[in-house]
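Take a look at the structure below.
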Amino acid sequence: MDPLKLVALDRDDIEVVSAHLQDAILKVADIRWRPNENRVVVCVNRFDWEVAQGMRQSPSPDFRRRRAALRFDRVSACKCRDLSAVLKDQVLNLLAVTFEPRAPEEPAGTVTLTFSGGGMLRLEVECLEVELADLGPTWNAGCCPEHVIDAEPVQTAGFTQVSAAKQG
């Protein structure tokens, strides 16, 4: 498959980028805030969802990952929650990338990268200017990520467990 290269300039575009980045794996050290350039660059190992579609039923599915760079330009501030720059080897699972315009200053707004476990990276931007580009060949991922949906807490001996259906 050809390397992916996407540019996002509006909310619809960032939704497409987010879909391609769902379940991307990275380390905290892979996030680079470059304030002198008004830029944030994030290197990820993205799961190739395009190839994975329809493979789950295959007797020997070949799920793939590939290295990719995600670049945000025109960034005026970079804030994080539940992420520590000291823990450079902490592994993060990217769930979504969203954009909320800031009225009445539109096209300015906030880009939020949401990670499993509650971590977030929040970028204040003059306008949405994002690029996602694959950097190299694919490699075997071993399995396809799954997500818990419709979780319902169940009390068991003083602990709360989550019983849930899984989404593919």
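Chain labels A, B, ... are given in the sequence in which chains occur in the structure tokens; within each chain residues are numbered consecutively from 1, and ligands are likewise numbered from 1 in the order shown.
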Please tabulate, as a Markdown table, the residues of range 73-114 of chain A that come within 7 Å of range 6-19 of chain A, each with its closest pair of atoms and the distance in Å to one decimal, counting only C-alpha atoms and ordering rows by chain, then residue number upward.
```
| residue | atom | partner | partner_atom | distance |
| --- | --- | --- | --- | --- |
| A:Ala96 | CA | A:Ser18 | CA | 5.4 |
| A:Val97 | CA | A:Ser18 | CA | 5.0 |
| A:Thr98 | CA | A:Ile14 | CA | 6.6 |
| A:Phe99 | CA | A:Arg11 | CA | 6.2 |
```
Generate a file of the selected residues that holds N, CA, C and O atoms, formatted as a PDB file, in the first residue's frame.
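again.pdb, freshly written:
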```
ATOM      1  N   ALA A  96      -7.868   9.653  19.860  1.00  0.00           N
ATOM      2  CA  ALA A  96      -8.549  10.603  18.969  1.00  0.00           C
ATOM      3  C   ALA A  96      -7.813  11.934  18.913  1.00  0.00           C
ATOM      4  O   ALA A  96      -7.111  12.306  19.847  1.00  0.00           O
ATOM      5  N   VAL A  97      -8.038  12.637  17.800  1.00  0.00           N
ATOM      6  CA  VAL A  97      -7.565  14.006  17.622  1.00  0.00           C
ATOM      7  C   VAL A  97      -8.779  14.830  17.246  1.00  0.00           C
ATOM      8  O   VAL A  97      -9.483  14.495  16.284  1.00  0.00           O
ATOM      9  N   THR A  98      -9.057  15.881  18.028  1.00  0.00           N
ATOM     10  CA  THR A  98     -10.246  16.699  17.775  1.00  0.00           C
ATOM     11  C   THR A  98      -9.864  18.178  17.686  1.00  0.00           C
ATOM     12  O   THR A  98      -8.807  18.583  18.162  1.00  0.00           O
ATOM     13  N   PHE A  99     -10.747  18.964  17.094  1.00  0.00           N
ATOM     14  CA  PHE A  99     -10.551  20.405  16.993  1.00  0.00           C
ATOM     15  C   PHE A  99     -11.825  21.119  17.389  1.00  0.00           C
ATOM     16  O   PHE A  99     -12.908  20.778  16.911  1.00  0.00           O
TER      17      PHE A  99
END
```
Write out as an mmCIF file with C-alpha atoms, in the first residue's frame each polymer residue whose atoms come within 6 Å of range 134-141 of chain A, counting only C-alpha atoms; drop sequence neighbours fewer than 2 positions from it.
```cif
data_model
loop_
_atom_site.group_PDB
_atom_site.id
_atom_site.type_symbol
_atom_site.label_atom_id
_atom_site.label_comp_id
_atom_site.auth_asym_id
_atom_site.auth_seq_id
_atom_site.Cartn_x
_atom_site.Cartn_y
_atom_site.Cartn_z
ATOM 1 C CA PRO A 3 2.337 5.716 2.120
ATOM 2 C CA LEU A 4 -0.390 7.952 3.512
ATOM 3 C CA PHE A 63 -2.382 -6.578 10.738
ATOM 4 C CA ARG A 64 0.203 -3.864 10.110
ATOM 5 C CA ARG A 65 1.724 -0.764 11.706
ATOM 6 C CA ARG A 66 3.924 1.905 10.198
ATOM 7 C CA ARG A 67 5.925 4.883 11.447
ATOM 8 C CA ALA A 68 4.269 8.236 10.768
ATOM 9 C CA CYS A 143 -3.208 -8.249 16.525
#
```
Original post:
Between A:Asn45, A:Gly142, A:Gln22, A:Cys78, which is the closest to Asp62 in chain A once you count only C-alpha atoms?
Top reply: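 Smallest separation from Asp62 in chain A among the options: A:Gly142.
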Subject >> Nearby residues (only C-alpha atoms) at most 10 Å from Arg32 in chain A, same-chain spacing under 2 positions excluded, as a ChimeraX atom specification >> reply: /A:28-30,34-35,39-43,71
Go ahead and save the picked residues with N, CA, C and O atoms, as a PDB file, in the first residue's frame.
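Produced file part33.pdb, reproduced below:
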```pdb
ATOM      1  N   VAL A  28       6.211   9.220  25.218  1.00  0.00           N
ATOM      2  CA  VAL A  28       6.201  10.641  25.546  1.00  0.00           C
ATOM      3  C   VAL A  28       7.352  11.346  24.835  1.00  0.00           C
ATOM      4  O   VAL A  28       7.208  12.463  24.340  1.00  0.00           O
ATOM      5  N   ALA A  29       8.506  10.683  24.739  1.00  0.00           N
ATOM      6  CA  ALA A  29       9.676  11.267  24.070  1.00  0.00           C
ATOM      7  C   ALA A  29       9.436  11.535  22.593  1.00  0.00           C
ATOM      8  O   ALA A  29      10.179  12.308  21.976  1.00  0.00           O
ATOM      9  N   ASP A  30       8.394  10.942  21.995  1.00  0.00           N
ATOM     10  CA  ASP A  30       8.080  11.139  20.585  1.00  0.00           C
ATOM     11  C   ASP A  30       7.285  12.423  20.330  1.00  0.00           C
ATOM     12  O   ASP A  30       6.939  12.723  19.192  1.00  0.00           O
ATOM     13  N   ARG A  34       8.036  22.646  19.703  1.00  0.00           N
ATOM     14  CA  ARG A  34       9.061  23.552  19.191  1.00  0.00           C
ATOM     15  C   ARG A  34       8.499  24.975  19.205  1.00  0.00           C
ATOM     16  O   ARG A  34       8.042  25.482  18.177  1.00  0.00           O
ATOM     17  N   PRO A  35       8.523  25.628  20.394  1.00  0.00           N
ATOM     18  CA  PRO A  35       7.868  26.935  20.537  1.00  0.00           C
ATOM     19  C   PRO A  35       8.441  28.019  19.625  1.00  0.00           C
ATOM     20  O   PRO A  35       7.696  28.898  19.173  1.00  0.00           O
ATOM     21  N   ARG A  39       5.322  25.060  16.483  1.00  0.00           N
ATOM     22  CA  ARG A  39       5.060  23.743  15.891  1.00  0.00           C
ATOM     23  C   ARG A  39       5.137  22.654  16.951  1.00  0.00           C
ATOM     24  O   ARG A  39       5.960  22.701  17.849  1.00  0.00           O
ATOM     25  N   VAL A  40       4.285  21.649  16.781  1.00  0.00           N
ATOM     26  CA  VAL A  40       4.367  20.412  17.569  1.00  0.00           C
ATOM     27  C   VAL A  40       4.463  19.272  16.561  1.00  0.00           C
ATOM     28  O   VAL A  40       3.685  19.208  15.598  1.00  0.00           O
ATOM     29  N   VAL A  41       5.437  18.384  16.794  1.00  0.00           N
ATOM     30  CA  VAL A  41       5.613  17.212  15.936  1.00  0.00           C
ATOM     31  C   VAL A  41       5.505  15.974  16.815  1.00  0.00           C
ATOM     32  O   VAL A  41       6.121  15.905  17.881  1.00  0.00           O
ATOM     33  N   VAL A  42       4.717  15.018  16.364  1.00  0.00           N
ATOM     34  CA  VAL A  42       4.511  13.775  17.104  1.00  0.00           C
ATOM     35  C   VAL A  42       4.812  12.611  16.159  1.00  0.00           C
ATOM     36  O   VAL A  42       4.201  12.510  15.093  1.00  0.00           O
ATOM     37  N   CYS A  43       5.752  11.760  16.554  1.00  0.00           N
ATOM     38  CA  CYS A  43       6.045  10.549  15.771  1.00  0.00           C
ATOM     39  C   CYS A  43       5.282   9.397  16.395  1.00  0.00           C
ATOM     40  O   CYS A  43       5.304   9.218  17.619  1.00  0.00           O
ATOM     41  N   ARG A  71       2.264  16.563  12.250  1.00  0.00           N
ATOM     42  CA  ARG A  71       2.801  17.900  12.473  1.00  0.00           C
ATOM     43  C   ARG A  71       1.669  18.921  12.590  1.00  0.00           C
ATOM     44  O   ARG A  71       0.765  18.953  11.758  1.00  0.00           O
TER      45      ARG A  71
END
```
**OP:** From a DSSP calculation on the backbone, collect every residue of range 28-127 of chain A in helix (DSSP H, G or I) and output the set as a list of chain:residue names.
**Re:**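 Assigned to helix (DSSP H, G or I), within range 28-127 of chain A: A:Val28, A:Ala29, A:Asp30, A:Pro35, A:Asn36, A:Glu37, A:Trp49, A:Glu50, A:Val51, A:Ala52, A:Ser116, A:Gly117, A:Gly118.
The shortest atom-to-atom distance to Val75 in chain A, with only C-alpha atoms taken into account, belongs to A:Val125 out of A:Leu113, A:Cys144, A:Ile31, A:Val125.
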Original post:
Quick one: distance from CA of Ala108 in chain A to CA of Leu70 in chain A in Å, one decimal?
Top reply: 19.1 Å
Original post:
Which polymer residues have any atom within 8 Å of an atom of His20 in chain A, counting only C-alpha atoms, with same-chain residues fewer than 4 positions away left out, as number ranges by chain?
Top reply: A: 16, 46-49
Store the residues of this selection in a file with N, CA and C atoms, as a CSV table (one decimal), in the first residue's frame.
```
chain,number,residue,atom,x,y,z
A,16,VAL,N,-10.8,12.8,9.6
A,16,VAL,CA,-10.2,11.8,8.8
A,16,VAL,C,-8.8,11.5,9.3
A,46,ARG,N,1.5,4.1,13.7
A,46,ARG,CA,0.1,4.0,13.5
A,46,ARG,C,-0.4,2.6,13.0
A,47,PHE,N,-1.5,2.2,13.5
A,47,PHE,CA,-2.2,1.0,13.1
A,47,PHE,C,-2.8,1.3,11.7
A,48,ASP,N,-2.6,0.4,10.8
A,48,ASP,CA,-3.1,0.6,9.4
A,48,ASP,C,-4.5,0.0,9.3
A,49,TRP,N,-5.5,0.9,9.6
A,49,TRP,CA,-6.9,0.5,9.6
A,49,TRP,C,-7.4,0.2,8.2
```
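Note that the spacing between CA of Thr112 in chain A and CA of Cys80 in chain A amounts to 9.5 Å.
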Original post:
Restricting the calculation to only C-alpha atoms, which member of A:Ala69, A:Arg102, A:Phe115, A:Asp2 is positioned closest to Val51 in chain A?
Top reply: A:Asp2
**OP:** Any chance you could list, as a PyMOL selection string, the residues in range 4-114 of chain A that come up strand (DSSP E) when DSSP is run on the backbone?
**Re:** chain A and resi 5-8+24-27+31-34+39-47+64-73+75-81+91-101+109-114
Subject >> CA of Ala133 in chain A to CA of Leu83 in chain A, straight-line distance in Å >> reply: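 Pair CA of Leu83 in chain A / CA of Ala133 in chain A returns 24.3 Å.
Residue nearest Asp73 in chain A within the list A:Leu26, A:Met120, A:Cys127, A:Leu94: A:Cys127 [criterion: smallest interatomic distance, only C-alpha atoms].
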